[in-house]
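Source file: target.pdb; contents: PDB, C-alpha atoms.
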MODEL        1
ATOM      1  CA  MET A   1      71.644  71.537  45.039
ATOM      2  CA  THR A   2      73.787  69.869  47.701
ATOM      3  CA  LYS A   3      72.224  69.328  51.095
ATOM      4  CA  TYR A   4      74.539  69.306  54.112
ATOM      5  CA  GLU A   5      73.845  67.622  57.418
ATOM      6  CA  PRO A   6      73.579  69.848  60.544
ATOM      7  CA  SER A   7      76.907  70.606  62.213
ATOM      8  CA  TYR A   8      77.552  70.499  65.951
ATOM      9  CA  VAL A   9      80.219  71.620  68.405
ATOM     10  CA  ARG A  10      81.841  68.862  70.455
ATOM     11  CA  ALA A  11      83.563  69.577  73.792
ATOM     12  CA  PRO A  12      86.907  67.729  73.625
ATOM     13  CA  GLN A  13      87.702  68.356  77.309
ATOM     14  CA  LEU A  14      84.511  66.647  78.513
ATOM     15  CA  ASN A  15      83.717  62.964  78.743
ATOM     16  CA  THR A  16      80.267  63.364  77.188
ATOM     17  CA  VAL A  17      78.539  62.659  73.881
ATOM     18  CA  MET A  18      76.321  65.740  74.147
ATOM     19  CA  MET A  19      76.351  68.095  71.169
ATOM     20  CA  PHE A  20      76.389  71.862  71.422
ATOM     21  CA  ARG A  21      75.153  74.626  69.143
ATOM     22  CA  ASN A  22      78.060  77.000  69.784
ATOM     23  CA  ALA A  23      80.935  77.638  72.168
ATOM     24  CA  LYS A  24      82.575  80.768  73.556
ATOM     25  CA  SER A  25      86.021  80.671  75.167
ATOM     26  CA  HIS A  26      87.979  83.225  77.210
ATOM     27  CA  TYR A  27      91.636  82.633  78.130
ATOM     28  CA  ASN A  28      93.738  84.395  80.776
ATOM     29  CA  VAL A  29      97.507  84.027  81.065
ATOM     30  CA  GLY A  30      99.636  85.196  83.982
ATOM     31  CA  TYR A  31     103.417  85.077  83.557
ATOM     32  CA  ASN A  32     106.231  86.134  85.887
ATOM     33  CA  ASN A  33     109.918  85.406  85.428
ATOM     34  CA  LEU A  34     112.838  86.136  87.777
ATOM     35  CA  ASN A  35     116.543  85.702  86.996
ATOM     36  CA  LEU A  36     119.490  86.029  89.385
ATOM     37  CA  GLU A  37     122.772  85.698  87.522
ATOM     38  CA  ILE A  38     126.516  86.287  87.547
ATOM     39  CA  ALA A  39     128.109  87.352  84.262
ATOM     40  CA  ARG A  40     131.538  88.307  82.965
ATOM     41  CA  SER A  41     132.089  90.182  79.694
ATOM     42  CA  TYR A  42     135.215  90.078  77.571
ATOM     43  CA  TYR A  43     136.177  91.201  74.056
ATOM     44  CA  ALA A  44     136.857  88.535  71.437
ATOM     45  CA  SER A  45     137.801  91.365  69.016
ATOM     46  CA  LYS A  46     137.321  95.124  68.821
ATOM     47  CA  ARG A  47     133.799  94.637  67.396
ATOM     48  CA  LEU A  48     132.715  91.463  69.207
ATOM     49  CA  SER A  49     132.106  90.902  72.908
ATOM     50  CA  LEU A  50     130.913  87.775  74.703
ATOM     51  CA  SER A  51     129.305  87.528  78.110
ATOM     52  CA  PRO A  52     128.630  84.049  79.547
ATOM     53  CA  HIS A  53     126.323  84.032  82.544
ATOM     54  CA  PHE A  54     125.196  81.551  85.168
ATOM     55  CA  GLY A  55     122.517  81.780  87.813
ATOM     56  CA  VAL A  56     119.081  80.778  89.049
ATOM     57  CA  ASN A  57     115.760  81.070  87.215
ATOM     58  CA  SER A  58     112.258  81.042  88.702
ATOM     59  CA  ALA A  59     109.015  81.208  86.698
ATOM     60  CA  TRP A  60     105.308  81.404  87.548
ATOM     61  CA  ILE A  61     102.806  80.529  84.800
ATOM     62  CA  ASP A  62      99.066  80.755  85.534
ATOM     63  CA  LEU A  63      96.651  79.572  82.802
ATOM     64  CA  ASP A  64      92.868  79.985  83.146
ATOM     65  CA  GLN A  65      90.272  79.088  80.508
ATOM     66  CA  ASN A  66      86.496  79.650  80.726
ATOM     67  CA  VAL A  67      84.230  78.066  78.094
ATOM     68  CA  HIS A  68      80.451  78.447  77.686
ATOM     69  CA  TYR A  69      78.703  75.750  75.632
ATOM     70  CA  THR A  70      75.121  76.111  74.364
ATOM     71  CA  LEU A  71      73.327  72.747  74.470
ATOM     72  CA  ASP A  72      71.621  71.604  71.257
ATOM     73  CA  LEU A  73      68.986  68.883  71.654
ATOM     74  CA  SER A  74      67.383  69.530  68.228
ATOM     75  CA  GLY A  75      63.956  69.820  69.744
ATOM     76  CA  PRO A  76      61.635  72.112  71.739
ATOM     77  CA  THR A  77      62.649  70.867  75.210
ATOM     78  CA  PRO A  78      63.285  72.913  78.392
ATOM     79  CA  LEU A  79      66.962  71.969  78.280
ATOM     80  CA  ASP A  80      67.579  73.024  74.683
ATOM     81  CA  GLY A  81      69.697  76.167  74.545
ATOM     82  CA  THR A  82      70.874  75.983  78.151
ATOM     83  CA  ILE A  83      74.445  76.976  78.948
ATOM     84  CA  TRP A  84      77.065  74.542  80.206
ATOM     85  CA  LYS A  85      80.118  76.142  81.837
ATOM     86  CA  LEU A  86      83.624  74.741  81.887
ATOM     87  CA  ASN A  87      86.586  76.201  83.784
ATOM     88  CA  THR A  88      90.075  74.696  83.538
ATOM     89  CA  LYS A  89      93.191  75.998  85.274
ATOM     90  CA  SER A  90      96.880  75.218  85.415
ATOM     91  CA  PHE A  91      99.281  76.897  87.833
ATOM     92  CA  ALA A  92     102.998  76.131  87.632
ATOM     93  CA  TRP A  93     105.923  77.371  89.705
ATOM     94  CA  GLY A  94     109.461  76.294  88.885
ATOM     95  CA  LEU A  95     112.960  76.921  90.235
ATOM     96  CA  GLY A  96     116.288  75.771  88.855
ATOM     97  CA  PRO A  97     119.723  76.569  87.416
ATOM     98  CA  ARG A  98     120.148  78.780  84.352
ATOM     99  CA  ALA A  99     123.090  79.328  81.985
ATOM    100  CA  GLY A 100     123.532  81.285  78.774
ATOM    101  CA  LEU A 101     125.627  83.465  76.518
ATOM    102  CA  ASN A 102     125.115  87.094  75.535
ATOM    103  CA  THR A 103     126.785  88.290  72.298
ATOM    104  CA  GLU A 104     127.218  91.843  70.985
ATOM    105  CA  ILE A 105     128.479  92.961  67.567
ATOM    106  CA  TYR A 106     129.372  96.674  67.583
ATOM    107  CA  LEU A 107     128.268  98.671  64.512
ATOM    108  CA  GLY A 108     129.494 102.127  65.534
ATOM    109  CA  ASP A 109     127.964 105.341  66.962
ATOM    110  CA  GLY A 110     126.737 103.389  70.002
ATOM    111  CA  PHE A 111     124.690 100.898  67.999
ATOM    112  CA  SER A 112     125.163  97.134  68.192
ATOM    113  CA  LEU A 113     123.460  93.859  67.353
ATOM    114  CA  THR A 114     122.840  91.755  70.422
ATOM    115  CA  SER A 115     121.699  88.198  71.020
ATOM    116  CA  ASN A 116     121.080  86.232  74.165
ATOM    117  CA  LEU A 117     120.570  82.481  74.347
ATOM    118  CA  SER A 118     119.971  80.775  77.682
ATOM    119  CA  ALA A 119     118.502  77.552  79.040
ATOM    120  CA  SER A 120     117.102  76.482  82.396
ATOM    121  CA  LEU A 121     116.079  73.247  84.052
ATOM    122  CA  LEU A 122     113.244  73.939  86.476
ATOM    123  CA  TYR A 123     111.981  71.654  89.194
ATOM    124  CA  SER A 124     108.308  72.559  89.023
ATOM    125  CA  TYR A 125     105.219  72.182  91.143
ATOM    126  CA  VAL A 126     102.167  72.138  88.849
ATOM    127  CA  ARG A 127      98.536  72.239  89.962
ATOM    128  CA  GLY A 128      95.610  71.644  87.595
ATOM    129  CA  ASN A 129      91.851  71.558  88.066
ATOM    130  CA  ILE A 130      88.665  71.372  86.038
ATOM    131  CA  HIS A 131      85.117  72.417  86.989
ATOM    132  CA  PHE A 132      82.172  71.528  84.765
ATOM    133  CA  LYS A 133      78.744  72.886  85.690
ATOM    134  CA  PRO A 134      75.449  73.308  83.786
ATOM    135  CA  ASP A 135      73.460  76.464  84.503
ATOM    136  CA  ALA A 136      70.094  74.720  84.836
ATOM    137  CA  ASN A 137      69.430  72.776  88.043
ATOM    138  CA  SER A 138      67.278  70.371  86.032
ATOM    139  CA  LEU A 139      70.446  69.069  84.380
ATOM    140  CA  ARG A 140      71.595  67.561  87.660
ATOM    141  CA  ASN A 141      70.994  63.918  88.474
ATOM    142  CA  GLN A 142      70.251  62.992  84.874
ATOM    143  CA  GLN A 143      70.687  59.305  83.924
ATOM    144  CA  GLY A 144      71.415  58.322  87.526
ATOM    145  CA  GLY A 145      74.454  60.541  88.010
ATOM    146  CA  ILE A 146      75.574  64.041  88.886
ATOM    147  CA  ILE A 147      76.548  66.057  85.837
ATOM    148  CA  GLU A 148      78.478  68.728  87.754
ATOM    149  CA  ARG A 149      82.097  67.635  88.140
ATOM    150  CA  LYS A 150      85.205  68.926  89.920
ATOM    151  CA  MET A 151      88.633  67.327  89.621
ATOM    152  CA  LYS A 152      92.129  68.355  90.721
ATOM    153  CA  SER A 153      95.689  67.176  90.166
ATOM    154  CA  LYS A 154      99.121  67.967  91.614
ATOM    155  CA  ASN A 155     102.433  67.097  89.984
ATOM    156  CA  HIS A 156     106.143  67.571  90.607
ATOM    157  CA  LEU A 157     108.241  67.373  87.452
ATOM    158  CA  PHE A 158     111.332  68.701  85.706
ATOM    159  CA  THR A 159     110.496  71.250  82.997
ATOM    160  CA  PRO A 160     113.257  72.488  80.662
ATOM    161  CA  SER A 161     112.984  76.023  79.325
ATOM    162  CA  MET A 162     114.802  78.191  76.794
ATOM    163  CA  GLN A 163     114.996  81.947  76.304
ATOM    164  CA  MET A 164     116.166  83.632  73.079
ATOM    165  CA  PHE A 165     116.549  87.310  72.170
ATOM    166  CA  LEU A 166     117.854  89.012  69.019
ATOM    167  CA  GLY A 167     117.752  92.768  68.499
ATOM    168  CA  LEU A 168     119.366  96.172  68.041
ATOM    169  CA  ILE A 169     120.503  98.339  70.958
ATOM    170  CA  TRP A 170     122.016 101.797  71.446
ATOM    171  CA  GLN A 171     124.335 102.634  74.359
ATOM    172  CA  THR A 172     125.876 105.817  75.713
ATOM    173  CA  TYR A 173     127.568 107.184  78.838
ATOM    174  CA  MET A 174     126.146 110.231  80.649
ATOM    175  CA  MET A 175     127.014 112.595  83.482
ATOM    176  CA  GLU A 176     130.783 112.549  83.053
ATOM    177  CA  ASP A 177     130.760 108.813  82.305
ATOM    178  CA  THR A 178     129.213 107.934  85.673
ATOM    179  CA  LYS A 179     125.926 106.625  84.198
ATOM    180  CA  HIS A 180     125.386 104.162  81.365
ATOM    181  CA  LEU A 181     122.137 104.148  79.364
ATOM    182  CA  THR A 182     120.969 101.307  77.092
ATOM    183  CA  LEU A 183     117.949 101.480  74.764
ATOM    184  CA  GLY A 184     116.938  98.619  72.499
ATOM    185  CA  ALA A 185     114.286  96.495  70.824
ATOM    186  CA  GLY A 186     114.229  92.993  69.447
ATOM    187  CA  TYR A 187     112.400  89.700  69.099
ATOM    188  CA  GLU A 188     112.181  87.456  72.158
ATOM    189  CA  VAL A 189     111.029  83.849  72.648
ATOM    190  CA  ASN A 190     110.470  82.076  75.972
ATOM    191  CA  TYR A 191     109.672  78.361  75.668
ATOM    192  CA  TYR A 192     108.651  76.052  78.534
ATOM    193  CA  TRP A 193     108.239  72.330  78.022
ATOM    194  CA  ARG A 194     105.226  70.591  79.713
ATOM    195  CA  MET A 195     104.189  73.664  81.707
ATOM    196  CA  ASN A 196     100.495  73.400  80.688
ATOM    197  CA  GLN A 197      98.949  70.746  82.937
ATOM    198  CA  MET A 198      95.251  71.497  82.385
ATOM    199  CA  LEU A 199      92.904  68.543  82.866
ATOM    200  CA  GLU A 200      90.710  66.682  80.398
ATOM    201  CA  MET A 201      87.978  64.272  81.481
ATOM    202  CA  ASP A 202      88.771  60.679  80.619
ATOM    203  CA  GLU A 203      86.770  57.448  80.627
ATOM    204  CA  THR A 204      83.890  57.162  83.105
ATOM    205  CA  ARG A 205      84.004  53.970  85.186
ATOM    206  CA  ASN A 206      81.031  52.325  86.892
ATOM    207  CA  SER A 207      81.492  50.018  89.880
ATOM    208  CA  THR A 208      79.150  48.366  92.387
ATOM    209  CA  LEU A 209      79.707  48.368  96.139
ATOM    210  CA  ASN A 210      77.049  46.943  98.516
ATOM    211  CA  GLN A 211      74.480  47.108  95.705
ATOM    212  CA  VAL A 212      75.254  50.797  95.189
ATOM    213  CA  THR A 213      76.462  51.927  91.770
ATOM    214  CA  LEU A 214      79.478  54.237  91.926
ATOM    215  CA  VAL A 215      80.339  56.494  88.978
ATOM    216  CA  THR A 216      83.981  57.591  88.768
ATOM    217  CA  ASP A 217      85.329  60.055  86.209
ATOM    218  CA  GLY A 218      88.921  59.629  85.164
ATOM    219  CA  TYR A 219      91.113  62.461  83.952
ATOM    220  CA  GLU A 220      94.437  63.087  82.279
ATOM    221  CA  ASN A 221      96.769  66.077  82.120
ATOM    222  CA  ASN A 222      97.358  67.850  78.822
ATOM    223  CA  SER A 223     101.100  68.080  79.539
ATOM    224  CA  GLU A 224     101.602  70.614  76.731
ATOM    225  CA  ASP A 225     104.298  73.213  76.102
ATOM    226  CA  VAL A 226     103.894  76.955  76.714
ATOM    227  CA  MET A 227     105.574  79.619  74.562
ATOM    228  CA  PHE A 228     105.692  83.419  74.796
ATOM    229  CA  TYR A 229     107.080  85.427  71.888
ATOM    230  CA  GLY A 230     107.007  88.915  70.427
ATOM    231  CA  ILE A 231     108.726  92.288  70.235
ATOM    232  CA  THR A 232     110.520  93.334  73.431
ATOM    233  CA  PHE A 233     111.682  96.858  74.301
ATOM    234  CA  LYS A 234     114.570  97.361  76.701
ATOM    235  CA  ILE A 235     115.604 100.327  78.845
ATOM    236  CA  LYS A 236     118.521  99.934  81.256
ATOM    237  CA  LEU A 237     120.264 102.540  83.389
ATOM    238  CA  GLU A 238     123.502 101.546  85.136
ATOM    239  CA  PHE A 239     125.225 103.666  87.767
TER     240      PHE A 239
ENDMDL
END

Translate this file's structure into structure tokens.
Amino acid sequence: MTKYEPSYVRAPQLNTVMMFRNAKSHYNVGYNNLNLEIARSYYASKRLSLSPHFGVNSAWIDLDQNVHYTLDLSGPTPLDGTIWKLNTKSFAWGLGPRAGLNTEIYLGDGFSLTSNLSASLLYSYVRGNIHFKPDANSLRNQQGGIIERKMKSKNHLFTPSMQMFLGLIWQTYMMEDTKHLTLGAGYEVNYYWRMNQMLEMDETRNSTLNQVTLVTDGYENNSEDVMFYGITFKIKLEF
């Protein structure tokens, strides 16, 4: 019979060697996107139309993660089983030029295949922070330091983005051709480079000033990409 060693959960975002029994994570995502554009449509043939467009794109992406870690000290101590809380956030707002091309292939009876490919270059302000706090007050001031930590960062950077859509739509005119109705569904992808700037604790540095030991926690930004994708339904009424 094979005997396995006990397994533990390690917190990769924390600069600590403590082991945990389990972890529970909850993630919230807030996303808003605004496009202002000028477009012109023309027919390349009787079944194909092209519509290049240019404009301005603005995006807000708010990421919030809460993690609860259960401490495992492998012994009957007052601290065993206590909960350590970690909250990390990244808020990004970007503004920049956008350009793209919309293509429609007409199938008949109002139906058509449509695709839209566009790209933006956003000048973004990104704010990240991390807050690490044990539940038990007895966990404070252990080993000569304060375990509770708060760190923040602010960055200004260029973040490219790309939007893609491919689907099927149906169009018709109503009310003596004074109103135009469009219904459709398709697959959409929005990709933002380096928009996730959540923090991770880095190497802890000790220094001495006037015979007082100072403990400084370093940090680094994740600098990871953010992508939204899925089925999108469209309803548009023009008049």

Practice problem: Please evaluate the PyMOL selection byres ((chain A and resi 34) around 9) against the displayed coordinates and give the resulting residues as JSON, numbers by chain. | Solution: {"A": [32, 33, 35, 36, 56, 57, 58, 59, 60]}

Export C-alpha atoms of the chosen residues as a PDB file, in the frame of the given file?
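Okay, selection-v8.pdb is ready:
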ATOM      1  CA  ASN A  32     106.231  86.134  85.887  1.00  0.00           C
ATOM      2  CA  ASN A  33     109.918  85.406  85.428  1.00  0.00           C
ATOM      3  CA  ASN A  35     116.543  85.702  86.996  1.00  0.00           C
ATOM      4  CA  LEU A  36     119.490  86.029  89.385  1.00  0.00           C
ATOM      5  CA  VAL A  56     119.081  80.778  89.049  1.00  0.00           C
ATOM      6  CA  ASN A  57     115.760  81.070  87.215  1.00  0.00           C
ATOM      7  CA  SER A  58     112.258  81.042  88.702  1.00  0.00           C
ATOM      8  CA  ALA A  59     109.015  81.208  86.698  1.00  0.00           C
ATOM      9  CA  TRP A  60     105.308  81.404  87.548  1.00  0.00           C
TER      10      TRP A  60
END

Exercise. With a distance cut-off of 7 Å and all atoms listed in the file, select the neighbouring residues of region 179-188 of chain A, excluding the residue or stretch itself and same-chain residues fewer than 3 positions from it, and output the selection as a VMD selection string.
Key: chain A and resid 164 to 175 229 to 239

Quiz item: Do you have the CA of Val67 (chain A)-CA of Asn87 (chain A) distance handy?
Solution: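 Going from CA of Val67 (chain A) over to CA of Asn87 (chain A) covers 6.4 Å.
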
For this file, the PyMOL selection byres ((chain A and resi 49) around 9) selects which residues, as a CSV table (one decimal) with C-alpha atoms, keeping the file's coordinate frame?
chain,number,residue,atom,x,y,z
A,41,SER,CA,132.1,90.2,79.7
A,42,TYR,CA,135.2,90.1,77.6
A,43,TYR,CA,136.2,91.2,74.1
A,44,ALA,CA,136.9,88.5,71.4
A,45,SER,CA,137.8,91.4,69.0
A,46,LYS,CA,137.3,95.1,68.8
A,47,ARG,CA,133.8,94.6,67.4
A,48,LEU,CA,132.7,91.5,69.2
A,50,LEU,CA,130.9,87.8,74.7
A,51,SER,CA,129.3,87.5,78.1
A,102,ASN,CA,125.1,87.1,75.5
A,103,THR,CA,126.8,88.3,72.3
A,104,GLU,CA,127.2,91.8,71.0
A,105,ILE,CA,128.5,93.0,67.6
A,106,TYR,CA,129.4,96.7,67.6

Quiz item: Quick one: which residues end up in the PyMOL selection byres ((chain A and resi 91) around 6) for this structure, as a PyMOL selection string?
Solution: chain A and resi 61-62+90+92+126-127

Store the residues of this selection in a file with C-alpha atoms, as a CSV table (one decimal), keeping the file's coordinate frame.
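Written file, part-v3.csv:
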chain,number,residue,atom,x,y,z
A,61,ILE,CA,102.8,80.5,84.8
A,62,ASP,CA,99.1,80.8,85.5
A,90,SER,CA,96.9,75.2,85.4
A,92,ALA,CA,103.0,76.1,87.6
A,126,VAL,CA,102.2,72.1,88.8
A,127,ARG,CA,98.5,72.2,90.0

Quiz item: Hey, which of A:Asp177, A:Asp64, A:Asp72, A:Asp109 ends up closest to Gln197 (chain A)? Count all atoms listed in the file.
Solution: A:Asp64

Quiz item: Quick one: distance from CA of Gly30 (chain A) to CA of Thr159 (chain A) in Å, one decimal?
Solution: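 Atom-to-atom, CA of Gly30 (chain A) and CA of Thr159 (chain A) are spaced 17.7 Å apart.
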
Exercise. Point out the residue among A:Leu122, A:Met19, A:Leu117, A:Ala39 with the least atom-to-atom distance to Leu71 (chain A), counting all atoms listed in the file.
Key: A:Met19

Practice problem: For Ser124 (chain A), work out the shell of residues within 6 Å, counting only C-alpha atoms and skipping chain neighbours fewer than 4 positions away, then give it as a list in words. | Solution: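 Counting only the stated atoms, we get Trp93, Gly94, His156, Leu157 and Phe158 of chain A.
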
Quiz prompt | Atomic separation - CA of Lys85 (chain A) relative to CA of Asp225 (chain A), Å | solution = 25.0 Å

Quiz item: From the set A:Thr178, A:Ser153, A:Ser161, A:Thr82, which residue has the shortest atom-to-atom contact distance to Val226 (chain A), counting all atoms listed in the file?
Solution: A:Ser161

Quiz item: Which polymer residues have any atom within 10 Å of an atom of Asn221 (chain A), counting all atoms listed in the file, with same-chain residues fewer than 2 positions away left out, as a PyMOL selection string?
Solution: chain A and resi 90+128-129+153-155+194+196-202+219+223-224

Quiz item: Between A:Tyr69, A:Val29, A:Gly96, A:Phe228, which one has atoms that come closest to Gln163 (chain A), using only C-alpha atoms?
Solution: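 That would be A:Phe228, the residue with the smallest distance to Gln163 (chain A).
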
Quiz item: Which of these residues is nearest to His53 (chain A), using only C-alpha atoms: A:Asn28, A:Ser118, A:Asn222, A:Asn22?
Solution: A:Ser118
